[in-house]
Protein chains: 4
Amino acid sequence: MSIEKEAEMTKKVKIAVIGTGRMGSVHTRNIVRLIPEADLVAVCDIRLEVAQAVADELGIQRVVKDYHDLLDDKNIEAILIATSTDTHAFIMKDVAAAGKHIFCEKPLALELDKIDEALAEVEKAGVKLQVGFNRRFDKSYKQVRDIVASGEIGRPCILHIVNRDPDFPSMEFLRVSGGMFLDLGIHDLDMVRYQMGDVEEVYATGAVLLNDELKEFGDIDTGLILLKFANGAMGTIDNSRKAVYGYDQRLEVFCSNGTAMMENEKETTAVKGNMNGFTSAKPPYFFMQRYASCYVEEVRQFVECVRDDKKTPTTGADGKAAVVLGYAALKSLRENRPVKISEIG
Amino acid sequence: MSIEKEAEMTKKVKIAVIGTGRMGSVHTRNIVRLIPEADLVAVCDIRLEVAQAVADELGIQRVVKDYHDLLDDKNIEAILIATSTDTHAFIMKDVAAAGKHIFCEKPLALELDKIDEALAEVEKAGVKLQVGFNRRFDKSYKQVRDIVASGEIGRPCILHIVNRDPDFPSMEFLRVSGGMFLDLGIHDLDMVRYQMGDVEEVYATGAVLLNDELKEFGDIDTGLILLKFANGAMGTIDNSRKAVYGYDQRLEVFCSNGTAMMENEKETTAVKGNMNGFTSAKPPYFFMQRYASCYVEEVRQFVECVRDDKKTPTTGADGKAAVVLGYAALKSLRENRPVKISEIG
Amino acid sequence: MSIEKEAEMTKKVKIAVIGTGRMGSVHTRNIVRLIPEADLVAVCDIRLEVAQAVADELGIQRVVKDYHDLLDDKNIEAILIATSTDTHAFIMKDVAAAGKHIFCEKPLALELDKIDEALAEVEKAGVKLQVGFNRRFDKSYKQVRDIVASGEIGRPCILHIVNRDPDFPSMEFLRVSGGMFLDLGIHDLDMVRYQMGDVEEVYATGAVLLNDELKEFGDIDTGLILLKFANGAMGTIDNSRKAVYGYDQRLEVFCSNGTAMMENEKETTAVKGNMNGFTSAKPPYFFMQRYASCYVEEVRQFVECVRDDKKTPTTGADGKAAVVLGYAALKSLRENRPVKISEIG
Amino acid sequence: MSIEKEAEMTKKVKIAVIGTGRMGSVHTRNIVRLIPEADLVAVCDIRLEVAQAVADELGIQRVVKDYHDLLDDKNIEAILIATSTDTHAFIMKDVAAAGKHIFCEKPLALELDKIDEALAEVEKAGVKLQVGFNRRFDKSYKQVRDIVASGEIGRPCILHIVNRDPDFPSMEFLRVSGGMFLDLGIHDLDMVRYQMGDVEEVYATGAVLLNDELKEFGDIDTGLILLKFANGAMGTIDNSRKAVYGYDQRLEVFCSNGTAMMENEKETTAVKGNMNGFTSAKPPYFFMQRYASCYVEEVRQFVECVRDDKKTPTTGADGKAAVVLGYAALKSLRENRPVKISEIG
């Protein structure tokens, strides 16, 4: 490596990734290939061979099995946590205690007390924390928010979110997912806050309409949440585990002087016309495709926040708030009554 | 008039219109100009000059002020009632008792007991009754229903209706309208039944976000209704008194193997592209434009039902059911809890 | 009829229709039902029973077989000519000589000398003449023109017209139609002038790709015309006899600061999403549906021009110019070279 | 680097890039970051500092100023040429003579005899040659082609291409560009062959409507080409140097049983509705954004062809054919007559 190159790299944020499964490997590739502001110095996975494969592919030097091995490394400034949800809280605590900045995948945890403990440690350590609410970094969602924030279409009145997965995840995952509102819906429960601010009350309904297996563990595959916002507006979230035509991602913020909407993207812009009408392409099938650029952008911004000592765009408080809303929706679903957010947590 | 012409006209259904205000004059013009199966023999309005003006425009021979004058006319087979809502029920009773078939504008009445009395008289008299739920006669709504009914996209899971008026009606009207859910929303509360069948429970929320005057008489200008259907599906209705960009009329029925949607029509198909993006036309501003063809089609079908002694496509039971749903939504709104439809009426 | 009604009708323009076939019967119905400014006093067709049927349907008193019978009727102010193209010119001459205003279907004639003779008689008689270029009265085409005319998107650079019929007309008609560019394309050859002004040169190509029968009489079923305009801009016309997905009617005027387009209308606004993508409706199948409102509007404006003594929106010169362009395209097609418009007529 | 990593990299195709300006640096980044099948071993630019900067950014070891220095390197299997057009031909000859496979940017050259000489050397050396017609690797263009190729919508009748740049390139570039049809239009002249096969005749028109400076060197800023294909179909190409609303990239292949179209992509899927209508986003502004994935895919496929000894998807013959068509269009423009392709070259 040239001297110039080494000099430049000394300015880069040194980062490690814990958990190199589906999301973790995406983040790892993005950091190495597309985020020149960072230097990925180590990867970690309890399945060592999984971490090793990613390291080999990308030419990463250091691979560890136990994340504790990274905590004493003074070279590492920041750690991206992409392990399974049940391990987020204790890893966050350890990483914060080691004085390293944290990017943690959503949800922070499924237990509010564990979230509180982790956030307390983060605050005590004075490290930065960013939660992986990737959709906030999508240019279309952002443009809707910007249109509304500009005031040009008046005050928000009604919000609608449609978030439908193209197909069920595995039953193994579903059994530990926390339920549809806390897993699939967690993105929406953050997005409503991004678009509209605080929620005061929710009313939720849901049903098993697609796969009776879910009844065994009390989950649903189809659900609606009605929300009342502190700003006086109201809204709905529409969640389904299976939209056969692809990953359905839409949003509308209806306002007093207009409306701002986000439509689905399309896999291609080809259109076929024949006796049956005009047929255009489905949306991108999978979240990795639809939100590919967000996964880069969120980590890039995190790296910038670390490098330039700025506030992270999604905070621990955001991470907790979405989980609180999820529990409010779950309580409403079970008790069939509107639930005030203040009842939770 | 030629002999052939007269011979043909003897086969036409002889019809009279009571109430020649906004909707009544539309129906009158449609019958005269566009429904050759009917012969409009008389118009009636308590404001005689209003009826006379329409009659002059269209060459209608008979004009009366008091609808009782029409009841003994053996020549009249059917009567279209387009008076103000508070008079529907007693006129229906009188018309039914006179043995004439009835087309009545929606809502049948704002009081359920009056509806019941009128429907009892209709049944006793054995006359036909059709309620003016015009949207059931729109080819786009119908196509969505046909797609779902065909079974090709599986079972219905989630329904969404957006029904936003382009602007507030007069304050005078609003004070006696029965409230947004019973006035604006009545179409949607019928449409959900047309698309999905029976409703079991509703939860409604609403607010005054646009015009504080409404608070004086306890109405709302923005509202959402969440519905649970007997078929296990769920849905939402979105109502606003003012969408500045025009009359917003959309629908989606999301199903287990696909989705069926109805988008807005556009005033023109012109599109302008410039530095600001690509701008297409607003939807037709007013319900009279958007649903122009439905107003013809619903009365044409009514006339056919009378002529051929067939069952009307929208019945008195449909007319009552929408009002019951409206009261359930209103009760939910006031008590902030889900309300079973069986609690009403 | 009431006295008031009669008084009003004396102010109406008295009009007769010659030729009550497909287009003539549409115009007749429109005048009777939808153009209160006119009074349709007579219909004429050499097939008397055809005229009689329309008259019976609409309650028209006078029916004649020979159009000369209408010429001496002082009561008739204007005559709409919707006979077969080969009769337009001599009927126009006779009607003009009789001092009556003329609405004539397009094309005025297929022979330029006959057009010249008829226009000379029209000028001599000082009567008004409007040619049935219905598309100029369509709100979408008009909006494109208005956007360009406003100057907000700069100077016109490139125009594209797509005009594809949903299916072939009968072979009988095709043999006397004058060829695709003079029959189907005549609308486009007028539309280019409406949107862009004078044409200076055309280059045309065409082929039989769909139905070999056309080769017998030297016609084509697929063609392109490239045009150069006096304003420096250029353009294309795309014509096909058969678009299986319906009547394809599109336009674009690309300008130096933006673009203005007209997209297809759709039969309904329903959209179906499934494994194959998202399918929306075809355009209206037939010109009668697509341009229904234009047929009313063009005659309504003609009636107003007669009543208020105004210049007609489409003149005899427009009628001739489109035919001249058609012959230029035909000459170009046959000689495979660009043809200046000044070479024709 | 780990032993495993080195072992894997021995299987990679060793490639060098000559010319690291705008396109060359894009290719270099893509190869390093996104094409793991290749190993980028050297970059070359006569402006050494330009090559050095890219090498530093990406950690590339070898940087040379003179491309001849690469020719003897047995380690290098393939070379990507992204220098200025006037140098393509002689570099190609040298690289071919050195026995290395070639990926060359379009156009191959602006002189047909130089193209012939280079292609002869390529053939003699038996090396692979791929020309950078990136649009053939776009999934939307490809889907249109696949729909037509499947035969499901019948035989092709009319093709339309719209290719409008968002703004003028620099005057310096324009003076040596070869003219709009050979520079901007070269993509379309290849795309028509990709979609429809051989062209038999073209007729072109063009004008300076946007920037009078172009008249100094005889170029145009607005042009249309009408094409006749060997398969009997016909088509148009629409080129403009400046579409203020962004990079306008559309295509239609109208067929006997339907139509296949490619619409513009949009920068975001946000839509704003207000009093002015509904406004959606502009297309991506720049070709680097619109065709980003194609630049990766074309080189990835080239690398695979080298690795697996397969025929390249775009050949030298394709590269020449597009230039021939460009000269035919230019000749037609200058002589204002249709020009047979056989007249050229």
# chains A, B, ... in the order shown; residues from 1 in each chain; ligands from 1
>>> interface_residues(of="chain A", to="chain C", cutoff="10 Å", atoms="only C-alpha atoms", output="NGL selection string")
:A and (243-246 or 266-267 or 271-283)
>>> write_last_selection(atoms="N, CA and C atoms", output="PDB file, in the first residue's frame")
ATOM      1  N   ALA A 243     -47.667 -10.625   0.561  1.00  0.00           N
ATOM      2  CA  ALA A 243     -48.247 -10.002  -0.627  1.00  0.00           C
ATOM      3  C   ALA A 243     -47.613 -10.725  -1.813  1.00  0.00           C
ATOM      4  N   VAL A 244     -48.368 -11.518  -2.507  1.00  0.00           N
ATOM      5  CA  VAL A 244     -47.774 -12.408  -3.525  1.00  0.00           C
ATOM      6  C   VAL A 244     -47.105 -11.633  -4.652  1.00  0.00           C
ATOM      7  N   TYR A 245     -47.473 -10.375  -4.816  1.00  0.00           N
ATOM      8  CA  TYR A 245     -46.936  -9.563  -5.928  1.00  0.00           C
ATOM      9  C   TYR A 245     -45.654  -8.845  -5.515  1.00  0.00           C
ATOM     10  N   GLY A 246     -45.155  -9.099  -4.327  1.00  0.00           N
ATOM     11  CA  GLY A 246     -43.885  -8.488  -3.927  1.00  0.00           C
ATOM     12  C   GLY A 246     -44.016  -7.601  -2.706  1.00  0.00           C
ATOM     13  N   LYS A 266     -40.605  -0.186  -8.847  1.00  0.00           N
ATOM     14  CA  LYS A 266     -40.880  -1.312  -9.737  1.00  0.00           C
ATOM     15  C   LYS A 266     -39.566  -1.960 -10.139  1.00  0.00           C
ATOM     16  N   GLU A 267     -39.596  -3.275 -10.308  1.00  0.00           N
ATOM     17  CA  GLU A 267     -38.359  -4.005 -10.666  1.00  0.00           C
ATOM     18  C   GLU A 267     -37.797  -3.541 -11.997  1.00  0.00           C
ATOM     19  N   VAL A 271     -43.442  -2.167 -19.657  1.00  0.00           N
ATOM     20  CA  VAL A 271     -44.905  -2.301 -19.604  1.00  0.00           C
ATOM     21  C   VAL A 271     -45.338  -3.082 -20.840  1.00  0.00           C
ATOM     22  N   LYS A 272     -46.207  -4.045 -20.632  1.00  0.00           N
ATOM     23  CA  LYS A 272     -46.725  -4.812 -21.761  1.00  0.00           C
ATOM     24  C   LYS A 272     -48.202  -4.523 -21.932  1.00  0.00           C
ATOM     25  N   GLY A 273     -48.608  -4.201 -23.158  1.00  0.00           N
ATOM     26  CA  GLY A 273     -50.027  -3.987 -23.437  1.00  0.00           C
ATOM     27  C   GLY A 273     -50.531  -5.078 -24.351  1.00  0.00           C
ATOM     28  N   ASN A 274     -51.631  -5.701 -23.961  1.00  0.00           N
ATOM     29  CA  ASN A 274     -52.265  -6.663 -24.881  1.00  0.00           C
ATOM     30  C   ASN A 274     -53.762  -6.743 -24.571  1.00  0.00           C
ATOM     31  N   MET A 275     -54.409  -7.808 -25.007  1.00  0.00           N
ATOM     32  CA  MET A 275     -55.861  -7.919 -24.826  1.00  0.00           C
ATOM     33  C   MET A 275     -56.285  -7.836 -23.366  1.00  0.00           C
ATOM     34  N   ASN A 276     -55.365  -8.129 -22.449  1.00  0.00           N
ATOM     35  CA  ASN A 276     -55.716  -8.131 -21.029  1.00  0.00           C
ATOM     36  C   ASN A 276     -55.506  -6.791 -20.345  1.00  0.00           C
ATOM     37  N   GLY A 277     -54.977  -5.822 -21.061  1.00  0.00           N
ATOM     38  CA  GLY A 277     -54.701  -4.525 -20.462  1.00  0.00           C
ATOM     39  C   GLY A 277     -53.217  -4.232 -20.483  1.00  0.00           C
ATOM     40  N   PHE A 278     -52.792  -3.344 -19.603  1.00  0.00           N
ATOM     41  CA  PHE A 278     -51.388  -2.942 -19.552  1.00  0.00           C
ATOM     42  C   PHE A 278     -50.775  -3.420 -18.240  1.00  0.00           C
ATOM     43  N   THR A 279     -49.713  -4.204 -18.361  1.00  0.00           N
ATOM     44  CA  THR A 279     -49.129  -4.825 -17.185  1.00  0.00           C
ATOM     45  C   THR A 279     -47.732  -4.281 -16.922  1.00  0.00           C
ATOM     46  N   SER A 280     -47.548  -3.745 -15.738  1.00  0.00           N
ATOM     47  CA  SER A 280     -46.226  -3.237 -15.350  1.00  0.00           C
ATOM     48  C   SER A 280     -45.633  -4.148 -14.285  1.00  0.00           C
ATOM     49  N   ALA A 281     -44.379  -3.907 -13.989  1.00  0.00           N
ATOM     50  CA  ALA A 281     -43.620  -4.833 -13.144  1.00  0.00           C
ATOM     51  C   ALA A 281     -44.053  -4.770 -11.684  1.00  0.00           C
ATOM     52  N   LYS A 282     -43.755  -5.833 -10.982  1.00  0.00           N
ATOM     53  CA  LYS A 282     -43.959  -5.895  -9.544  1.00  0.00           C
ATOM     54  C   LYS A 282     -42.929  -5.026  -8.828  1.00  0.00           C
ATOM     55  N   PRO A 283     -43.184  -4.718  -7.561  1.00  0.00           N
ATOM     56  CA  PRO A 283     -42.142  -4.048  -6.776  1.00  0.00           C
ATOM     57  C   PRO A 283     -40.968  -4.998  -6.556  1.00  0.00           C
TER      58      PRO A 283
END
>>> select_by_dssp(residues="region 103-319 of chain A", states="strand (DSSP E or B)", output="JSON, numbers by chain")
{"A": [103, 104, 129, 130, 131, 156, 157, 158, 159, 160, 161, 162, 163, 164, 199, 200, 201, 202, 203, 204, 205, 206, 207, 222, 223, 224, 225, 226, 227, 228, 229, 234, 235, 236, 237, 238, 239, 240, 248, 249, 250, 251, 252, 253, 254, 255, 258, 259, 260, 261, 262, 270, 271, 272, 273, 274, 277, 278, 279, 280]}
>>> residues_around(residues="Ile161 (chain D)", least_positions_apart="4", cutoff="7 Å", atoms="only C-alpha atoms", output="list in words")
Thr236, Ile237, Asp238, Arg250, Leu251 and Glu252 of chain D
>>> write_last_selection(atoms="N, CA, C and O atoms", output="CSV table (one decimal), in the first residue's frame")
chain,number,residue,atom,x,y,z
D,236,THR,N,-38.6,5.0,-35.3
D,236,THR,CA,-38.1,6.4,-35.1
D,236,THR,C,-37.1,6.5,-33.9
D,236,THR,O,-37.3,5.7,-33.0
D,237,ILE,N,-36.2,7.3,-34.1
D,237,ILE,CA,-35.3,7.7,-32.9
D,237,ILE,C,-35.5,9.2,-32.7
D,237,ILE,O,-35.4,10.0,-33.7
D,238,ASP,N,-35.7,9.6,-31.5
D,238,ASP,CA,-35.9,11.0,-31.1
D,238,ASP,C,-34.7,11.4,-30.2
D,238,ASP,O,-34.5,10.8,-29.2
D,250,ARG,N,-36.8,6.4,-23.2
D,250,ARG,CA,-38.0,5.6,-23.4
D,250,ARG,C,-38.0,4.8,-24.7
D,250,ARG,O,-37.2,5.1,-25.6
D,251,LEU,N,-38.8,3.8,-24.7
D,251,LEU,CA,-38.8,2.9,-25.9
D,251,LEU,C,-40.1,2.2,-26.0
D,251,LEU,O,-40.8,2.0,-25.0
D,252,GLU,N,-40.6,2.0,-27.2
D,252,GLU,CA,-41.8,1.2,-27.5
D,252,GLU,C,-41.5,0.3,-28.7
D,252,GLU,O,-41.0,0.8,-29.7
>>> closest_residue(among="C:Phe103, C:Met262, C:Ser170, C:Thr20", to="Ile147 (chain C)", atoms="only C-alpha atoms")
C:Met262
>>> atom_distance(atom1="CA of His27 (chain C)", atom2="CA of Lys320 (chain C)")
22.2 Å
>>> residues_around(residues="Leu182 (chain A)", least_positions_apart="3", cutoff="7 Å", atoms="only C-alpha atoms", output="ChimeraX atom specification")
/A:178-179,185-186,323,326
>>> write_last_selection(atoms="all heavy atoms", output="mmCIF file, in the first residue's frame")
data_model
loop_
_atom_site.group_PDB
_atom_site.id
_atom_site.type_symbol
_atom_site.label_atom_id
_atom_site.label_comp_id
_atom_site.auth_asym_id
_atom_site.auth_seq_id
_atom_site.Cartn_x
_atom_site.Cartn_y
_atom_site.Cartn_z
ATOM 1 N N GLY A 178 -41.421 -12.080 18.357
ATOM 2 C CA GLY A 178 -42.099 -11.060 19.139
ATOM 3 C C GLY A 178 -43.485 -10.754 18.587
ATOM 4 O O GLY A 178 -44.223 -9.949 19.159
ATOM 5 N N GLY A 179 -43.831 -11.364 17.481
ATOM 6 C CA GLY A 179 -45.145 -11.123 16.881
ATOM 7 C C GLY A 179 -45.054 -10.123 15.749
ATOM 8 O O GLY A 179 -44.125 -9.330 15.666
ATOM 9 N N GLY A 185 -43.850 -4.897 11.918
ATOM 10 C CA GLY A 185 -44.413 -3.565 12.153
ATOM 11 C C GLY A 185 -43.458 -2.581 12.800
ATOM 12 O O GLY A 185 -43.728 -1.384 12.838
ATOM 13 N N ILE A 186 -42.334 -3.069 13.335
ATOM 14 C CA ILE A 186 -41.450 -2.172 14.078
ATOM 15 C C ILE A 186 -40.949 -1.027 13.187
ATOM 16 O O ILE A 186 -40.801 0.118 13.638
ATOM 17 C CB ILE A 186 -40.249 -2.960 14.682
ATOM 18 C CG1 ILE A 186 -39.573 -2.147 15.784
ATOM 19 C CG2 ILE A 186 -39.245 -3.372 13.620
ATOM 20 C CD1 ILE A 186 -40.317 -2.196 17.091
ATOM 21 N N VAL A 323 -40.492 0.142 20.120
ATOM 22 C CA VAL A 323 -40.854 -1.075 20.861
ATOM 23 C C VAL A 323 -42.043 -0.802 21.787
ATOM 24 O O VAL A 323 -42.963 -1.613 21.902
ATOM 25 C CB VAL A 323 -39.646 -1.622 21.637
ATOM 26 C CG1 VAL A 323 -40.049 -2.846 22.449
ATOM 27 C CG2 VAL A 323 -38.508 -1.966 20.678
ATOM 28 N N GLY A 326 -45.047 -0.903 19.775
ATOM 29 C CA GLY A 326 -45.362 -2.285 19.441
ATOM 30 C C GLY A 326 -46.105 -2.970 20.578
ATOM 31 O O GLY A 326 -47.095 -3.679 20.350
#
>>> atom_distance(atom1="CA of Cys255 (chain B)", atom2="CA of Thr222 (chain A)")
10.4 Å
>>> residues_around(residues="region 57-74 of chain A", least_positions_apart="6", cutoff="9 Å", atoms="only C-alpha atoms", output="list in words")
Ala16, Ile18, Thr28, Arg29, Val32, Arg33, Leu40, Val41, Ala42, Val43, Cys44, Asp45, Ile46, Arg47, Leu48, Glu49, Ala51, Ile91, Asp94, Val95, Ala97, Ala98, Gly99 and Lys100 of chain A; Met1, Ser2, Lys5, Glu8 and Pro36 of chain D
>>> closest_residue(among="B:Leu108, B:Lys310, B:Ala53, B:Val17", to="Glu77 (chain B)", atoms="only C-alpha atoms")
B:Val17
>>> residues_around(residues="Phe90 (chain B)", least_positions_apart="2", cutoff="10 Å", atoms="only C-alpha atoms", output="ChimeraX atom specification")
/B:86-88,92-96,109,114-115,117-118
>>> residues_around(residues="Val26 (chain A)", least_positions_apart="4", cutoff="8 Å", atoms="only C-alpha atoms", output="PDB file with C-alpha atoms, in the first residue's frame")
ATOM      1  CA  ARG A  22     -27.926 -11.924   6.776  1.00  0.00           C
ATOM      2  CA  ASN A  30     -21.247  -2.138   2.286  1.00  0.00           C
ATOM      3  CA  TYR A 295     -28.319   0.213   4.350  1.00  0.00           C
TER       4      TYR A 295
END
>>> closest_residue(among="C:Ser84, C:Thr269, C:Thr205, C:Asn75", to="Val144 (chain B)", atoms="only C-alpha atoms")
C:Thr269
>>> select_by_dssp(residues="region 70-142 of chain A", states="helix (DSSP H, G or I)", output="VMD selection string")
chain A and resid 70 to 71 85 to 97 112 to 125 134 to 137 139 to 142
>>> write_last_selection(atoms="N, CA, C and O atoms", output="short mmCIF file (atom, residue, chain, number, x, y, z; two decimals), in the first residue's frame")
data_model
loop_
_atom_site.label_atom_id
_atom_site.label_comp_id
_atom_site.auth_asym_id
_atom_site.auth_seq_id
_atom_site.Cartn_x
_atom_site.Cartn_y
_atom_site.Cartn_z
N LEU A 70 -12.98 -8.18 21.07
CA LEU A 70 -12.85 -6.89 20.38
C LEU A 70 -12.86 -5.71 21.35
O LEU A 70 -12.43 -4.61 21.02
N LEU A 71 -13.38 -5.95 22.55
CA LEU A 71 -13.68 -4.81 23.43
C LEU A 71 -12.43 -4.10 23.93
O LEU A 71 -12.46 -2.89 24.19
N THR A 85 -31.81 -10.65 17.86
CA THR A 85 -32.40 -9.61 18.70
C THR A 85 -32.18 -9.86 20.19
O THR A 85 -31.89 -8.93 20.96
N ASP A 86 -32.28 -11.13 20.62
CA ASP A 86 -32.19 -11.43 22.05
C ASP A 86 -30.82 -11.13 22.65
O ASP A 86 -30.66 -11.11 23.87
N THR A 87 -29.81 -10.91 21.80
CA THR A 87 -28.46 -10.64 22.31
C THR A 87 -28.09 -9.15 22.24
O THR A 87 -27.05 -8.75 22.75
N HIS A 88 -28.94 -8.34 21.55
CA HIS A 88 -28.60 -6.92 21.36
C HIS A 88 -28.29 -6.21 22.67
O HIS A 88 -27.29 -5.50 22.79
N ALA A 89 -29.16 -6.39 23.66
CA ALA A 89 -29.08 -5.57 24.87
C ALA A 89 -27.77 -5.81 25.63
O ALA A 89 -27.07 -4.86 25.99
N PHE A 90 -27.43 -7.08 25.87
CA PHE A 90 -26.22 -7.29 26.68
C PHE A 90 -24.94 -6.95 25.91
O PHE A 90 -23.98 -6.44 26.47
N ILE A 91 -24.96 -7.18 24.58
CA ILE A 91 -23.78 -6.77 23.81
C ILE A 91 -23.63 -5.24 23.83
O ILE A 91 -22.53 -4.72 24.04
N MET A 92 -24.75 -4.56 23.65
CA MET A 92 -24.72 -3.08 23.71
C MET A 92 -24.11 -2.61 25.02
O MET A 92 -23.29 -1.68 25.04
N LYS A 93 -24.55 -3.22 26.12
CA LYS A 93 -24.02 -2.82 27.43
C LYS A 93 -22.50 -3.00 27.51
O LYS A 93 -21.77 -2.11 27.93
N ASP A 94 -22.05 -4.15 27.04
CA ASP A 94 -20.61 -4.43 27.08
C ASP A 94 -19.82 -3.48 26.17
O ASP A 94 -18.75 -2.99 26.53
N VAL A 95 -20.37 -3.26 24.99
CA VAL A 95 -19.67 -2.39 24.03
C VAL A 95 -19.62 -0.96 24.56
O VAL A 95 -18.59 -0.27 24.46
N ALA A 96 -20.77 -0.51 25.10
CA ALA A 96 -20.80 0.85 25.66
C ALA A 96 -19.79 0.96 26.80
O ALA A 96 -19.03 1.93 26.88
N ALA A 97 -19.78 -0.03 27.66
CA ALA A 97 -18.86 -0.02 28.80
C ALA A 97 -17.41 0.04 28.33
O ALA A 97 -16.55 0.61 28.99
N LEU A 112 -38.60 -4.30 27.48
CA LEU A 112 -38.36 -2.88 27.72
C LEU A 112 -37.33 -2.66 28.82
O LEU A 112 -36.54 -1.70 28.76
N ASP A 113 -37.31 -3.51 29.84
CA ASP A 113 -36.35 -3.30 30.93
C ASP A 113 -34.91 -3.51 30.44
O ASP A 113 -34.00 -2.81 30.86
N LYS A 114 -34.75 -4.46 29.53
CA LYS A 114 -33.40 -4.67 28.99
C LYS A 114 -32.97 -3.47 28.14
O LYS A 114 -31.81 -3.09 28.12
N ILE A 115 -33.94 -2.91 27.38
CA ILE A 115 -33.62 -1.71 26.61
C ILE A 115 -33.18 -0.59 27.56
O ILE A 115 -32.17 0.09 27.33
N ASP A 116 -33.96 -0.42 28.62
CA ASP A 116 -33.64 0.66 29.56
C ASP A 116 -32.24 0.48 30.16
O ASP A 116 -31.48 1.45 30.27
N GLU A 117 -31.92 -0.73 30.53
CA GLU A 117 -30.59 -0.99 31.09
C GLU A 117 -29.48 -0.65 30.09
O GLU A 117 -28.48 -0.02 30.43
N ALA A 118 -29.70 -1.09 28.85
CA ALA A 118 -28.67 -0.85 27.83
C ALA A 118 -28.53 0.65 27.57
O ALA A 118 -27.42 1.19 27.47
N LEU A 119 -29.67 1.34 27.47
CA LEU A 119 -29.60 2.78 27.19
C LEU A 119 -28.95 3.53 28.34
O LEU A 119 -28.23 4.52 28.12
N ALA A 120 -29.19 3.06 29.54
CA ALA A 120 -28.56 3.69 30.71
C ALA A 120 -27.04 3.56 30.62
O ALA A 120 -26.29 4.52 30.88
N GLU A 121 -26.58 2.37 30.22
CA GLU A 121 -25.15 2.15 30.10
C GLU A 121 -24.53 3.01 29.00
O GLU A 121 -23.44 3.56 29.13
N VAL A 122 -25.30 3.11 27.86
CA VAL A 122 -24.85 3.96 26.75
C VAL A 122 -24.70 5.41 27.23
O VAL A 122 -23.71 6.08 26.92
N GLU A 123 -25.71 5.84 27.97
CA GLU A 123 -25.66 7.23 28.43
C GLU A 123 -24.49 7.44 29.39
O GLU A 123 -23.75 8.41 29.30
N LYS A 124 -24.34 6.51 30.32
CA LYS A 124 -23.25 6.59 31.31
C LYS A 124 -21.88 6.64 30.63
O LYS A 124 -21.01 7.45 30.97
N ALA A 125 -21.74 5.80 29.60
CA ALA A 125 -20.45 5.72 28.89
C ALA A 125 -20.24 6.91 27.96
O ALA A 125 -19.11 7.16 27.51
N ASN A 134 -33.54 1.71 8.92
CA ASN A 134 -33.01 2.02 7.59
C ASN A 134 -33.93 2.87 6.74
O ASN A 134 -33.48 3.67 5.91
N ARG A 135 -35.24 2.74 6.94
CA ARG A 135 -36.17 3.44 6.03
C ARG A 135 -36.09 4.96 6.15
O ARG A 135 -36.46 5.68 5.25
N ARG A 136 -35.63 5.42 7.30
CA ARG A 136 -35.46 6.87 7.46
C ARG A 136 -34.43 7.41 6.47
O ARG A 136 -34.33 8.62 6.30
N PHE A 137 -33.63 6.50 5.88
CA PHE A 137 -32.55 6.93 4.99
C PHE A 137 -32.90 6.73 3.52
O PHE A 137 -32.07 6.89 2.65
N LYS A 139 -34.65 7.85 0.13
CA LYS A 139 -34.91 9.19 -0.40
C LYS A 139 -36.39 9.46 -0.65
O LYS A 139 -36.83 10.61 -0.61
N SER A 140 -37.16 8.41 -0.88
CA SER A 140 -38.59 8.62 -1.14
C SER A 140 -39.35 8.95 0.15
O SER A 140 -40.13 9.90 0.21
N TYR A 141 -39.13 8.15 1.19
CA TYR A 141 -39.74 8.47 2.49
C TYR A 141 -39.31 9.86 2.95
O TYR A 141 -40.10 10.63 3.49
N LYS A 142 -38.03 10.14 2.71
CA LYS A 142 -37.49 11.42 3.16
C LYS A 142 -38.14 12.56 2.39
O LYS A 142 -38.44 13.62 2.95
#
>>> atom_distance(atom1="CA of Tyr247 (chain B)", atom2="CA of Phe286 (chain B)")
6.0 Å
>>> closest_residue(among="C:Met191, C:Ala55, C:Leu129, C:Val13", to="Asp39 (chain C)", atoms="only C-alpha atoms")
C:Val13
